[in-house]
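Peer 1: Structure: model-v1.cif, mmCIF, C-alpha atoms.
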```
data_query
#
loop_
_atom_site.label_atom_id
_atom_site.label_comp_id
_atom_site.auth_asym_id
_atom_site.auth_seq_id
_atom_site.Cartn_x
_atom_site.Cartn_y
_atom_site.Cartn_z
CA MET V 1 135.94 84.22 98.41
CA ALA V 2 138.38 82.13 100.41
CA ASP V 3 135.76 80.50 102.64
CA CYS V 4 133.03 79.86 100.08
CA ILE V 5 132.39 76.15 99.57
CA PHE V 6 131.01 76.68 96.05
CA CYS V 7 134.09 78.72 95.07
CA LYS V 8 136.18 75.74 96.20
CA ILE V 9 133.98 73.30 94.28
CA GLY V 10 134.26 75.57 91.24
CA LYS V 11 138.05 75.42 91.47
CA ARG V 12 137.87 71.63 91.95
CA GLU V 13 139.57 72.03 95.35
CA ILE V 14 136.62 70.19 96.88
CA GLN V 15 135.40 67.10 95.10
CA SER V 16 131.89 66.92 93.70
CA MET V 17 129.99 64.80 91.19
CA VAL V 18 130.68 67.06 88.22
CA VAL V 19 128.41 66.81 85.17
CA HIS V 20 129.60 69.93 83.30
CA ASP V 21 132.76 72.04 83.45
CA ASP V 22 133.62 75.00 81.24
CA PRO V 23 135.75 78.11 81.86
CA GLU V 24 132.84 80.03 83.44
CA ILE V 25 130.41 77.46 84.78
CA LEU V 26 130.51 74.22 86.79
CA ALA V 27 127.57 71.85 87.32
CA PHE V 28 127.49 69.05 89.87
CA ARG V 29 125.00 66.77 91.63
CA ASP V 30 123.31 68.10 94.78
CA ILE V 31 124.48 66.08 97.78
CA ASN V 32 120.94 66.20 99.20
CA PRO V 33 118.87 65.49 96.09
CA GLN V 34 115.15 66.35 96.08
CA ALA V 35 114.42 64.52 92.82
CA PRO V 36 115.99 61.64 90.83
CA VAL V 37 117.96 64.28 88.92
CA HIS V 38 119.07 67.24 91.04
CA ILE V 39 122.00 69.24 89.75
CA LEU V 40 123.43 72.61 90.75
CA ILE V 41 124.76 75.00 88.11
CA ILE V 42 127.15 77.63 89.48
CA PRO V 43 129.30 80.39 88.02
CA LYS V 44 132.94 79.93 88.99
CA LYS V 45 133.08 83.63 89.83
CA HIS V 46 131.61 84.46 93.22
CA TYR V 47 128.25 86.25 93.36
CA GLU V 48 126.52 86.16 96.70
CA SER V 49 122.98 86.17 95.32
CA ALA V 50 120.76 87.34 92.47
CA ASN V 51 120.64 90.72 94.21
CA GLU V 52 124.28 91.26 93.23
CA LEU V 53 123.72 90.78 89.51
CA GLU V 54 124.23 93.67 87.14
CA THR V 55 123.56 94.27 83.46
CA ALA V 56 127.06 93.01 82.62
CA ASP V 57 126.09 89.60 83.99
CA THR V 58 123.18 88.87 81.65
CA GLY V 59 125.32 86.71 79.34
CA LEU V 60 126.56 84.57 82.22
CA LEU V 61 123.05 84.13 83.62
CA GLY V 62 121.69 83.13 80.25
CA ARG V 63 124.52 80.65 79.78
CA MET V 64 123.72 79.09 83.15
CA VAL V 65 120.18 78.40 81.91
CA LEU V 66 121.51 77.02 78.60
CA VAL V 67 123.89 74.71 80.50
CA ALA V 68 120.86 73.49 82.50
CA LYS V 69 119.03 72.79 79.24
CA HIS V 70 121.99 70.84 77.85
CA ILE V 71 122.35 68.81 81.05
CA ALA V 72 118.62 68.02 80.99
CA ARG V 73 119.19 66.46 77.57
CA GLN V 74 122.29 64.57 78.81
CA GLU V 75 120.31 63.25 81.76
CA LYS V 76 117.45 62.27 79.45
CA ILE V 77 114.84 64.37 81.26
CA ALA V 78 114.42 67.06 78.57
CA ALA V 79 111.38 65.48 76.93
CA ARG V 80 109.44 64.77 80.14
CA GLY V 81 110.39 68.11 81.64
CA TYR V 82 112.17 69.67 84.57
CA ARG V 83 112.14 72.62 86.96
CA LEU V 84 114.79 75.33 87.31
CA VAL V 85 114.98 77.11 90.68
CA MET V 86 117.14 79.92 91.99
CA ASN V 87 116.79 80.87 95.64
CA CYS V 88 117.76 84.32 96.81
CA GLY V 89 118.18 85.21 100.48
CA GLU V 90 116.45 83.85 103.56
CA ASP V 91 112.83 83.84 102.36
CA GLY V 92 113.96 82.18 99.14
CA GLY V 93 115.66 79.38 101.06
CA GLN V 94 119.17 80.10 99.79
CA SER V 95 121.49 77.81 101.73
CA VAL V 96 124.90 78.73 100.26
CA ALA V 97 125.78 82.38 99.61
CA HIS V 98 127.09 81.75 96.09
CA ILE V 99 124.56 81.90 93.25
CA HIS V 100 123.37 78.50 92.11
CA LEU V 101 120.66 77.32 89.78
CA HIS V 102 118.89 74.06 90.70
CA LEU V 103 117.87 71.68 87.93
CA LEU V 104 115.31 69.14 89.17
CA GLY V 105 113.66 66.37 87.21
CA GLY V 106 112.99 62.68 86.84
CA ARG V 107 109.72 63.03 88.73
CA SER V 108 106.60 65.14 88.44
CA MET V 109 107.22 68.41 90.30
CA SER V 110 104.25 69.70 92.33
CA TRP V 111 102.81 73.19 92.81
CA PRO V 112 103.40 75.49 94.64
CA PRO V 113 107.18 75.34 94.32
CA GLY V 114 107.80 75.36 98.06
CA MET W 1 101.63 82.33 67.97
CA ALA W 2 98.04 83.40 67.33
CA ASP W 3 96.49 81.27 70.07
CA CYS W 4 99.05 81.75 72.83
CA ILE W 5 97.59 83.57 75.84
CA PHE W 6 101.01 84.86 76.93
CA CYS W 7 101.72 86.23 73.45
CA LYS W 8 98.43 88.13 73.74
CA ILE W 9 99.29 89.38 77.22
CA GLY W 10 102.71 90.43 75.88
CA LYS W 11 101.01 92.48 73.16
CA ARG W 12 98.61 93.95 75.75
CA GLU W 13 95.69 92.44 73.81
CA ILE W 14 94.65 90.67 77.02
CA GLN W 15 94.66 92.71 80.19
CA SER W 16 96.94 91.76 83.06
CA MET W 17 98.33 93.41 86.19
CA VAL W 18 101.51 94.66 84.56
CA VAL W 19 104.47 95.54 86.78
CA HIS W 20 107.16 95.88 84.08
CA ASP W 21 107.03 96.52 80.33
CA ASP W 22 110.01 97.01 78.02
CA PRO W 23 110.49 96.24 74.31
CA GLU W 24 111.47 92.62 74.96
CA ILE W 25 109.97 91.63 78.31
CA LEU W 26 106.64 91.96 80.13
CA ALA W 27 106.03 91.13 83.78
CA PHE W 28 102.60 90.77 85.40
CA ARG W 29 100.99 89.34 88.52
CA ASP W 30 100.03 85.64 88.47
CA ILE W 31 96.23 85.33 88.57
CA ASN W 32 96.60 82.33 90.92
CA PRO W 33 99.29 83.60 93.30
CA GLN W 34 101.17 81.10 95.48
CA ALA W 35 102.83 83.75 97.65
CA PRO W 36 102.09 87.37 98.66
CA VAL W 37 104.25 88.44 95.70
CA HIS W 38 103.93 86.18 92.64
CA ILE W 39 104.89 87.70 89.32
CA LEU W 40 105.49 86.15 85.90
CA ILE W 41 108.28 87.48 83.68
CA ILE W 42 107.85 86.60 80.00
CA PRO W 43 109.65 87.40 76.76
CA LYS W 44 107.30 89.03 74.25
CA LYS W 45 108.69 86.72 71.59
CA HIS W 46 107.24 83.23 71.69
CA TYR W 47 109.39 80.36 72.95
CA GLU W 48 107.53 77.22 73.88
CA SER W 49 109.89 76.15 76.67
CA ALA W 50 113.48 76.23 77.87
CA ASN W 51 114.16 73.32 75.51
CA GLU W 52 113.81 75.75 72.57
CA LEU W 53 116.50 78.14 73.79
CA GLU W 54 119.68 78.57 71.80
CA THR W 55 122.97 80.35 72.36
CA ALA W 56 121.56 83.49 70.73
CA ASP W 57 118.99 83.72 73.53
CA THR W 58 121.41 84.01 76.44
CA GLY W 59 121.08 87.80 76.60
CA LEU W 60 117.31 87.65 76.75
CA LEU W 61 117.36 84.96 79.45
CA GLY W 62 119.79 86.93 81.53
CA ARG W 63 117.68 90.06 81.16
CA MET W 64 114.61 88.14 82.37
CA VAL W 65 116.48 87.33 85.59
CA LEU W 66 117.65 90.95 85.95
CA VAL W 67 114.06 92.17 85.47
CA ALA W 68 113.05 89.75 88.27
CA LYS W 69 115.74 91.23 90.48
CA HIS W 70 114.56 94.79 89.78
CA ILE W 71 110.92 93.87 90.44
CA ALA W 72 111.93 92.22 93.74
CA ARG W 73 113.34 95.58 94.78
CA GLN W 74 110.22 97.44 93.60
CA GLU W 75 108.04 95.01 95.57
CA LYS W 76 110.28 95.43 98.62
CA ILE W 77 111.11 91.73 98.92
CA ALA W 78 114.75 91.95 97.78
CA ALA W 79 116.23 92.12 101.28
CA ARG W 80 114.19 89.26 102.78
CA GLY W 81 114.61 87.14 99.68
CA TYR W 82 112.65 85.41 96.94
CA ARG W 83 112.56 82.34 94.71
CA LEU W 84 112.81 82.25 90.91
CA VAL W 85 111.27 79.25 89.16
CA MET W 86 111.06 78.19 85.53
CA ASN W 87 109.02 75.10 84.70
CA CYS W 88 109.72 73.16 81.54
CA GLY W 89 107.35 70.53 80.18
CA GLU W 90 104.98 68.19 81.95
CA ASP W 91 107.23 66.95 84.77
CA GLY W 92 108.25 70.55 85.46
CA GLY W 93 104.63 71.61 85.82
CA GLN W 94 104.65 74.06 82.92
CA SER W 95 101.05 75.21 82.49
CA VAL W 96 101.37 77.64 79.55
CA ALA W 97 103.54 76.75 76.56
CA HIS W 98 105.29 80.13 76.46
CA ILE W 99 108.43 80.52 78.58
CA HIS W 100 107.81 82.30 81.88
CA LEU W 101 109.90 82.92 84.96
CA HIS W 102 108.05 82.92 88.30
CA LEU W 103 109.14 85.40 90.98
CA LEU W 104 107.77 84.38 94.39
CA GLY W 105 108.28 86.14 97.69
CA GLY W 106 106.73 87.84 100.67
CA ARG W 107 106.77 84.58 102.63
CA SER W 108 109.36 81.97 103.56
CA MET W 109 109.58 79.45 100.69
CA SER W 110 109.93 75.81 101.78
CA TRP W 111 112.07 72.95 100.45
CA PRO W 112 111.80 70.93 98.26
CA PRO W 113 110.53 73.34 95.62
CA GLY W 114 107.53 71.20 94.69
#
```
How does the structure come out when it is put into structure tokens?
Peer 2:
Amino acid sequence: MADCIFCKIGKREIQSMVVHDDPEILAFRDINPQAPVHILIIPKKHYESANELETADTGLLGRMVLVAKHIARQEKIAARGYRLVMNCGEDGGQSVAHIHLHLLGGRSMSWPPG
Amino acid sequence: MADCIFCKIGKREIQSMVVHDDPEILAFRDINPQAPVHILIIPKKHYESANELETADTGLLGRMVLVAKHIARQEKIAARGYRLVMNCGEDGGQSVAHIHLHLLGGRSMSWPPG
């Protein structure tokens, strides 16, 4: 997707504060953090939202969660805990039309989740 | 886990408002809903939290997200959107020590997510 900002971040064409980079997945700090640790985990391949996911994508999705878990350990928030959030569409509050998983921690997250 | 309430729900030993049941995954309505649609997706196998997940679990994790996507369609919230949330540990607000993915929709979800 030529105009997708997260595609460009995934290709390192736009700079970001990268915390993880592998052939499939990039993770970087949210520029508008909502917690002391707030990182976005994205697939480098473009998917507009969770609604686009198919059975073939289960491995990728699972790896995104595992990357989040590994980053939580790197950031030293694994023991105290963290919240993973994926927004889909307007009601979900999705702000960029490229799937991203939020990892939030470093503070006590309240309920409800938005 | 003999004393885990979600293991018991997964085995249908404790009644719940089930919306999806397959050999690996059960989904049921949250008894304390935070949105018009609020469903929990759990693996039948016991995992305490996301911190316990290993590479072998990527398929299961991905399938949990796909089940959420399918339920969103069933519940007719897919087009307007929804939020997926997984809490890990105390800071994350995890209330039951058995992995569960929250699917919330039917209203506009606000930011930050807790």
Peer 1: What residues in chain V lie within 9 Å of chain W, counting all atoms listed in the file, written as a ChimeraX atom specification?
Peer 2: /V:34-35,50-55,57-66,69-70,72-73,77-94,104-114
Peer 1: With all C-alpha atoms paired in order, what RMSD does the least-squares fit of chain V onto chain W leave?
Peer 2: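 So the superposition leaves a C-alpha RMSD of 0.0 Å.
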Peer 1: Using atom CA of Val96 of chain W and atom CA of Asp30 of chain V as the two end points, give the distance in Å to one decimal.
Peer 2: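 A separation of 28.4 Å between them.
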Peer 1: Between W:Ala97, W:Lys8, W:Pro36, W:Glu75, which one has atoms that come closest to His20 of chain W, using only C-alpha atoms?
Peer 2: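 Of the candidates, the smallest distance to His20 of chain W is held by W:Glu75.
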Peer 1: Which of these, V:Ile71, V:Lys44, V:Ser16, V:Gly10, has the shortest distance to Ile31 of chain V once you count all atoms listed in the file?
Peer 2: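 The answer is V:Ser16, which sits nearest to Ile31 of chain V.
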